[in-house]
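K.L.:
To be precise about what I am sending: the file is called coords.pdb and holds PDB, C-alpha atoms.
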ATOM      1  CA  MET A   7       0.969  -1.124  -7.718  1.00  0.00           C
ATOM      2  CA  LEU A   8       3.559  -0.653  -4.977  1.00  0.00           C
ATOM      3  CA  CYS A   9       5.735  -3.473  -6.352  1.00  0.00           C
ATOM      4  CA  ASN A  10       5.538  -2.037  -9.847  1.00  0.00           C
ATOM      5  CA  ALA A  11       6.640   1.321  -8.399  1.00  0.00           C
ATOM      6  CA  GLY A  12       9.800  -0.355  -7.052  1.00  0.00           C
ATOM      7  CA  HIS A  13       8.814  -0.859  -3.420  1.00  0.00           C
ATOM      8  CA  ASP A  14       9.461  -4.037  -1.441  1.00  0.00           C
ATOM      9  CA  VAL A  15       6.086  -5.468  -0.426  1.00  0.00           C
ATOM     10  CA  THR A  16       5.344  -8.298   1.991  1.00  0.00           C
ATOM     11  CA  VAL A  17       1.827  -9.733   2.183  1.00  0.00           C
ATOM     12  CA  TRP A  18       0.462 -11.357   5.330  1.00  0.00           C
ATOM     13  CA  SER A  19      -2.929 -12.958   5.902  1.00  0.00           C
ATOM     14  CA  ALA A  20      -4.485 -14.513   8.988  1.00  0.00           C
ATOM     15  CA  ILE A  21      -5.692 -17.281   6.667  1.00  0.00           C
ATOM     16  CA  GLU A  22      -2.686 -19.507   6.012  1.00  0.00           C
ATOM     17  CA  ALA A  23      -4.340 -21.232   3.042  1.00  0.00           C
ATOM     18  CA  GLU A  24      -4.754 -17.813   1.423  1.00  0.00           C
ATOM     19  CA  VAL A  25      -1.027 -17.143   1.769  1.00  0.00           C
ATOM     20  CA  ASP A  26      -0.273 -20.549   0.223  1.00  0.00           C
ATOM     21  CA  SER A  27      -2.664 -19.933  -2.667  1.00  0.00           C
ATOM     22  CA  LEU A  28      -1.455 -16.405  -3.416  1.00  0.00           C
ATOM     23  CA  SER A  29       2.201 -17.385  -3.325  1.00  0.00           C
ATOM     24  CA  SER A  30       1.742 -20.430  -5.538  1.00  0.00           C
ATOM     25  CA  THR A  31      -0.794 -19.114  -8.087  1.00  0.00           C
ATOM     26  CA  ARG A  32       0.056 -15.383  -8.045  1.00  0.00           C
ATOM     27  CA  ARG A  33      -3.678 -14.758  -8.432  1.00  0.00           C
ATOM     28  CA  HIS A  34      -6.293 -13.300  -6.105  1.00  0.00           C
ATOM     29  CA  PRO A  35      -9.883 -14.587  -6.438  1.00  0.00           C
ATOM     30  CA  ASN A  36     -11.283 -11.041  -6.346  1.00  0.00           C
ATOM     31  CA  LEU A  37      -9.014  -9.874  -9.167  1.00  0.00           C
ATOM     32  CA  PRO A  38      -9.795 -12.172 -12.109  1.00  0.00           C
ATOM     33  CA  GLY A  39      -7.338 -12.123 -14.963  1.00  0.00           C
ATOM     34  CA  ILE A  40      -4.654 -10.327 -12.942  1.00  0.00           C
ATOM     35  CA  GLU A  41      -1.316 -11.965 -12.199  1.00  0.00           C
ATOM     36  CA  LEU A  42       0.345 -10.617  -9.066  1.00  0.00           C
ATOM     37  CA  PRO A  43       3.991  -9.492  -9.419  1.00  0.00           C
ATOM     38  CA  ASP A  44       6.738 -12.002  -8.778  1.00  0.00           C
ATOM     39  CA  GLN A  45       8.378  -9.452  -6.453  1.00  0.00           C
ATOM     40  CA  LEU A  46       5.580  -9.777  -3.877  1.00  0.00           C
ATOM     41  CA  ARG A  47       6.795 -11.642  -0.823  1.00  0.00           C
ATOM     42  CA  TYR A  48       4.345 -13.651   1.279  1.00  0.00           C
ATOM     43  CA  THR A  49       4.504 -14.607   4.930  1.00  0.00           C
ATOM     44  CA  LYS A  50       2.344 -16.396   7.486  1.00  0.00           C
ATOM     45  CA  ASP A  51       4.183 -14.661  10.342  1.00  0.00           C
ATOM     46  CA  ILE A  52       2.633 -11.347  11.384  1.00  0.00           C
ATOM     47  CA  ALA A  53       5.824 -10.360  13.224  1.00  0.00           C
ATOM     48  CA  ASP A  54       7.734 -10.774   9.952  1.00  0.00           C
ATOM     49  CA  ALA A  55       5.197  -8.611   8.126  1.00  0.00           C
ATOM     50  CA  CYS A  56       5.225  -5.821  10.729  1.00  0.00           C
ATOM     51  CA  THR A  57       8.872  -5.439  11.686  1.00  0.00           C
ATOM     52  CA  GLY A  58      11.452  -3.500   9.726  1.00  0.00           C
ATOM     53  CA  THR A  59       8.936  -1.752   7.482  1.00  0.00           C
ATOM     54  CA  ASP A  60       8.767   1.935   6.651  1.00  0.00           C
ATOM     55  CA  ILE A  61       5.027   1.796   6.048  1.00  0.00           C
ATOM     56  CA  LEU A  62       2.560  -0.825   7.195  1.00  0.00           C
ATOM     57  CA  VAL A  63      -0.633  -1.025   5.104  1.00  0.00           C
ATOM     58  CA  PHE A  64      -3.790  -2.457   6.626  1.00  0.00           C
ATOM     59  CA  ALA A  65      -5.679  -3.783   3.592  1.00  0.00           C
ATOM     60  CA  THR A  66      -7.985  -5.835   5.772  1.00  0.00           C
ATOM     61  CA  PRO A  67     -11.773  -6.055   5.532  1.00  0.00           C
ATOM     62  CA  SER A  68     -13.228  -3.607   8.048  1.00  0.00           C
ATOM     63  CA  VAL A  69     -14.773  -6.335  10.219  1.00  0.00           C
ATOM     64  CA  TYR A  70     -11.257  -7.736  10.852  1.00  0.00           C
ATOM     65  CA  ILE A  71      -9.411  -4.454  11.480  1.00  0.00           C
ATOM     66  CA  ARG A  72      -9.699  -4.725  15.282  1.00  0.00           C
ATOM     67  CA  SER A  73      -8.485  -8.326  15.486  1.00  0.00           C
ATOM     68  CA  THR A  74      -5.687  -7.697  12.990  1.00  0.00           C
ATOM     69  CA  ALA A  75      -4.500  -4.577  14.820  1.00  0.00           C
ATOM     70  CA  GLY A  76      -4.553  -6.536  18.082  1.00  0.00           C
ATOM     71  CA  LYS A  77      -2.376  -9.270  16.580  1.00  0.00           C
ATOM     72  CA  ALA A  78       0.001  -6.696  15.078  1.00  0.00           C
ATOM     73  CA  ALA A  79       0.269  -4.505  18.203  1.00  0.00           C
ATOM     74  CA  PRO A  80       3.242  -6.280  19.831  1.00  0.00           C
ATOM     75  CA  TYR A  81       5.308  -5.812  16.658  1.00  0.00           C
ATOM     76  CA  ILE A  82       4.575  -2.152  15.929  1.00  0.00           C
ATOM     77  CA  ALA A  83       7.581   0.129  16.362  1.00  0.00           C
ATOM     78  CA  ASP A  84       7.474   3.600  17.874  1.00  0.00           C
ATOM     79  CA  GLY A  85       6.844   6.147  15.124  1.00  0.00           C
ATOM     80  CA  GLN A  86       5.571   3.494  12.697  1.00  0.00           C
ATOM     81  CA  ILE A  87       3.445   4.803   9.816  1.00  0.00           C
ATOM     82  CA  ILE A  88       0.305   2.697   9.472  1.00  0.00           C
ATOM     83  CA  VAL A  89      -1.871   3.234   6.412  1.00  0.00           C
ATOM     84  CA  ASP A  90      -5.455   2.024   6.485  1.00  0.00           C
ATOM     85  CA  VAL A  91      -7.282   1.398   3.223  1.00  0.00           C
ATOM     86  CA  ALA A  92     -10.406  -0.236   4.703  1.00  0.00           C
ATOM     87  CA  LYS A  93     -13.617   1.759   4.817  1.00  0.00           C
ATOM     88  CA  GLY A  94     -16.269   1.619   7.489  1.00  0.00           C
ATOM     89  CA  ILE A  95     -17.486   2.478  10.946  1.00  0.00           C
ATOM     90  CA  GLU A  96     -17.493  -0.027  13.797  1.00  0.00           C
ATOM     91  CA  ALA A  97     -21.118  -0.553  14.892  1.00  0.00           C
ATOM     92  CA  GLU A  98     -20.406  -0.987  18.618  1.00  0.00           C
ATOM     93  CA  THR A  99     -18.108   2.031  19.080  1.00  0.00           C
ATOM     94  CA  LEU A 100     -18.803   4.192  16.005  1.00  0.00           C
ATOM     95  CA  TYR A 101     -15.004   4.294  15.527  1.00  0.00           C
ATOM     96  CA  THR A 102     -13.437   4.771  12.113  1.00  0.00           C
ATOM     97  CA  MET A 103     -10.823   2.251  11.029  1.00  0.00           C
ATOM     98  CA  THR A 104      -7.827   4.335  12.168  1.00  0.00           C
ATOM     99  CA  GLU A 105      -9.526   4.919  15.524  1.00  0.00           C
ATOM    100  CA  ILE A 106      -9.879   1.149  15.911  1.00  0.00           C
ATOM    101  CA  ILE A 107      -6.211   0.669  15.028  1.00  0.00           C
ATOM    102  CA  ALA A 108      -5.179   3.315  17.585  1.00  0.00           C
ATOM    103  CA  ASP A 109      -7.419   1.716  20.208  1.00  0.00           C
ATOM    104  CA  GLU A 110      -5.849  -1.711  19.706  1.00  0.00           C
ATOM    105  CA  ILE A 111      -2.216  -0.672  19.288  1.00  0.00           C
ATOM    106  CA  GLN A 112      -2.177   1.768  22.215  1.00  0.00           C
ATOM    107  CA  ASN A 113       1.011   3.500  21.061  1.00  0.00           C
ATOM    108  CA  PRO A 114       0.712   7.290  20.889  1.00  0.00           C
ATOM    109  CA  THR A 115       3.777   7.571  18.641  1.00  0.00           C
ATOM    110  CA  VAL A 116       2.171   5.574  15.792  1.00  0.00           C
ATOM    111  CA  ARG A 117       1.472   7.760  12.760  1.00  0.00           C
ATOM    112  CA  LEU A 118      -1.925   6.857  11.267  1.00  0.00           C
ATOM    113  CA  VAL A 119      -2.893   7.645   7.688  1.00  0.00           C
ATOM    114  CA  ALA A 120      -6.140   6.854   5.887  1.00  0.00           C
ATOM    115  CA  LEU A 121      -6.136   6.357   2.116  1.00  0.00           C
ATOM    116  CA  SER A 122      -9.429   7.044   0.433  1.00  0.00           C
ATOM    117  CA  GLY A 123     -10.639   8.162  -2.932  1.00  0.00           C
ATOM    118  CA  PRO A 124     -12.342   7.233  -6.124  1.00  0.00           C
ATOM    119  CA  THR A 125     -10.267   4.075  -6.477  1.00  0.00           C
ATOM    120  CA  HIS A 126     -11.097   0.410  -6.822  1.00  0.00           C
ATOM    121  CA  ALA A 127      -8.529  -2.374  -6.401  1.00  0.00           C
ATOM    122  CA  GLU A 128      -9.292  -3.863  -9.801  1.00  0.00           C
ATOM    123  CA  GLU A 129      -8.590  -0.482 -11.457  1.00  0.00           C
ATOM    124  CA  VAL A 130      -5.379   0.075  -9.502  1.00  0.00           C
ATOM    125  CA  VAL A 131      -3.944  -3.354 -10.410  1.00  0.00           C
ATOM    126  CA  LYS A 132      -4.795  -2.714 -14.064  1.00  0.00           C
ATOM    127  CA  ASP A 133      -2.778   0.518 -13.825  1.00  0.00           C
ATOM    128  CA  LEU A 134      -5.722   2.696 -14.841  1.00  0.00           C
ATOM    129  CA  PRO A 135      -5.436   6.423 -14.034  1.00  0.00           C
ATOM    130  CA  THR A 136      -6.871   7.312 -10.636  1.00  0.00           C
ATOM    131  CA  ALA A 137      -6.450   9.571  -7.620  1.00  0.00           C
ATOM    132  CA  ILE A 138      -6.414   9.037  -3.881  1.00  0.00           C
ATOM    133  CA  ILE A 139      -6.246  11.085  -0.689  1.00  0.00           C
ATOM    134  CA  SER A 140      -3.595  10.493   1.971  1.00  0.00           C
ATOM    135  CA  ALA A 141      -5.245  11.894   5.108  1.00  0.00           C
ATOM    136  CA  SER A 142      -3.661  12.292   8.526  1.00  0.00           C
ATOM    137  CA  ASP A 143      -3.449  14.670  11.464  1.00  0.00           C
ATOM    138  CA  ASP A 144       0.303  14.173  10.983  1.00  0.00           C
ATOM    139  CA  VAL A 145       0.977  16.152   7.791  1.00  0.00           C
ATOM    140  CA  ALA A 146       4.514  14.753   7.410  1.00  0.00           C
ATOM    141  CA  ALA A 147       3.153  11.174   7.539  1.00  0.00           C
ATOM    142  CA  ALA A 148       0.485  12.047   4.951  1.00  0.00           C
ATOM    143  CA  GLU A 149       3.172  13.514   2.688  1.00  0.00           C
ATOM    144  CA  THR A 150       5.395  10.441   3.090  1.00  0.00           C
ATOM    145  CA  VAL A 151       2.502   8.194   2.076  1.00  0.00           C
ATOM    146  CA  GLN A 152       1.682  10.564  -0.786  1.00  0.00           C
ATOM    147  CA  LYS A 153       5.208  10.127  -2.186  1.00  0.00           C
ATOM    148  CA  VAL A 154       5.107   6.332  -1.875  1.00  0.00           C
ATOM    149  CA  PHE A 155       1.685   5.957  -3.504  1.00  0.00           C
ATOM    150  CA  THR A 156       2.154   8.474  -6.336  1.00  0.00           C
ATOM    151  CA  THR A 157       2.969   6.889  -9.688  1.00  0.00           C
ATOM    152  CA  GLY A 158       2.488   7.834 -13.323  1.00  0.00           C
ATOM    153  CA  ARG A 159      -1.088   6.516 -13.084  1.00  0.00           C
ATOM    154  CA  MET A 160      -1.925   7.159  -9.425  1.00  0.00           C
ATOM    155  CA  ARG A 161      -1.995  10.703  -8.145  1.00  0.00           C
ATOM    156  CA  ALA A 162      -2.050  11.063  -4.372  1.00  0.00           C
ATOM    157  CA  TYR A 163      -3.126  14.223  -2.593  1.00  0.00           C
ATOM    158  CA  THR A 164      -2.870  15.063   1.098  1.00  0.00           C
ATOM    159  CA  ASN A 165      -5.482  16.190   3.583  1.00  0.00           C
ATOM    160  CA  ASP A 166      -5.196  16.836   7.324  1.00  0.00           C
ATOM    161  CA  ASP A 167      -8.846  15.916   8.034  1.00  0.00           C
ATOM    162  CA  ILE A 168      -8.440  12.175   8.615  1.00  0.00           C
ATOM    163  CA  HIS A 169     -11.757  11.879  10.420  1.00  0.00           C
ATOM    164  CA  GLY A 170     -13.693  13.621   7.647  1.00  0.00           C
ATOM    165  CA  GLU A 171     -11.934  11.588   4.974  1.00  0.00           C
ATOM    166  CA  GLU A 172     -12.749   8.316   6.714  1.00  0.00           C
ATOM    167  CA  LEU A 173     -16.376   9.283   7.278  1.00  0.00           C
ATOM    168  CA  CYS A 174     -16.778  10.189   3.607  1.00  0.00           C
ATOM    169  CA  GLY A 175     -15.179   6.894   2.581  1.00  0.00           C
ATOM    170  CA  ALA A 176     -17.461   4.939   4.909  1.00  0.00           C
ATOM    171  CA  LEU A 177     -20.571   6.713   3.632  1.00  0.00           C
ATOM    172  CA  LYS A 178     -19.528   6.177   0.007  1.00  0.00           C
TER     173      LYS A 178
END
Step by step, read the file and then write its structure as structure tokens.
P.N.:
Amino acid sequence: MLCNAGHDVTVWSAIEAEVDSLSSTRRHPNLPGIELPDQLRYTKDIADACTGTDILVFATPSVYIRSTAGKAAPYIADGQIIVDVAKGIEAETLYTMTEIIADEIQNPTVRLVALSGPTHAEEVVKDLPTAIISASDDVAAAETVQKVFTTGRMRAYTNDDIHGEELCGALK
């Protein structure tokens, strides 16, 4: 969706074979029948994926958010906008996903945004009409993410209750 909206997108995975497969087949096993855009760039280097980006999207399964944020932490710039799309609550700490990211990155200037809504990846990649909430305590960051994620088929709204938005997403 972001590529089709004209944004430069780099994909990183901790699983190198996944990067190889995605870059060679342009298909994701969880999205049958969908060919990923040629404009997507793939990397096995987390530093490459994290540096020089306006917005960093964590599209990681919730059980791997902590380890991924820990690996990314050394490469996160001051003021970086990080968008989390994973849903859940960590069993040991009862942290939401953005709280886990903040805990691992330990940079108070990072601008955290949670995306949540009645969306499913398979609907988004098929360009079906949908809506999403860009939630953050940092209203300017939420509005920046809103602009990036709004397309003719995706309407993004903002909300300053990131904690409430994440809890609702986790309970969904």
K.L.:
So that I can see what lies close to stretch 65-70 of chain A, please list as an MDAnalysis selection string the residues with an atom at most 9 Å from it, counting only C-alpha atoms and leaving out residues fewer than 3 positions away in the same chain.
P.N.:
chainID A and resid 19 73:75 89:96 103
K.L.:
Once the PyMOL selection byres ((chain A and resi 151) around 8) has been evaluated on this model, what residues remain selected, and can you format them as a list of chain:residue names?
P.N.:
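Selected by the PyMOL selection byres ((chain A and resi 151) around 8) here: A:Ile61, A:Val89, A:Val119, A:Ser140, A:Ala147, A:Ala148, A:Glu149, A:Thr150, A:Gln152, A:Lys153, A:Val154, A:Phe155.
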K.L.:
Interatomic distance between atom CA of A:Ile139 and atom CA of A:Ile168?
P.N.:
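According to the coordinates, atom CA of A:Ile139 and atom CA of A:Ile168 are separated by 9.6 Å.
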K.L.:
For A:Thr49, which residue out of A:Thr156, A:Thr16, A:Thr136, A:Thr164 is the nearest one, using all atoms listed in the file?
P.N.:
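Residue with the minimum atom-to-atom distance to A:Thr49: A:Thr16.
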K.L.:
The PyMOL selection byres ((chain A and resi 137) around 7) on the file shown: which residues, as a list in words?
P.N.:
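With the PyMOL selection byres ((chain A and resi 137) around 7) on this model, the match is Gly123, Pro124, Thr125, Thr136, Ile138, Met160, Arg161 and Ala162 of chain A.
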K.L.:
What lies within 12 Å of stretch 29-34 of chain A using all atoms listed in the file, ignoring chain neighbours under 6 positions off, as an MDAnalysis selection string?
P.N.:
chainID A and resid 16:19 22:23 40:50 127:128 131
K.L.:
On this structure, which residues satisfy the PyMOL selection byres ((chain A and resi 84) around 8), written as a PyMOL selection string?
P.N.:
chain A and resi 82-83+85-86+113+115-116
K.L.:
Go through A:Leu134, A:Ala120, A:Ala78, A:Ile106 and flag the residue nearest A:Tyr163, using all atoms listed in the file for the distances.
P.N.:
A:Ala120
K.L.:
Can you measure atom CA of A:Lys178 to atom CA of A:Glu105 for me? One decimal in Å is fine.
P.N.:
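It comes out at 18.5 Å.
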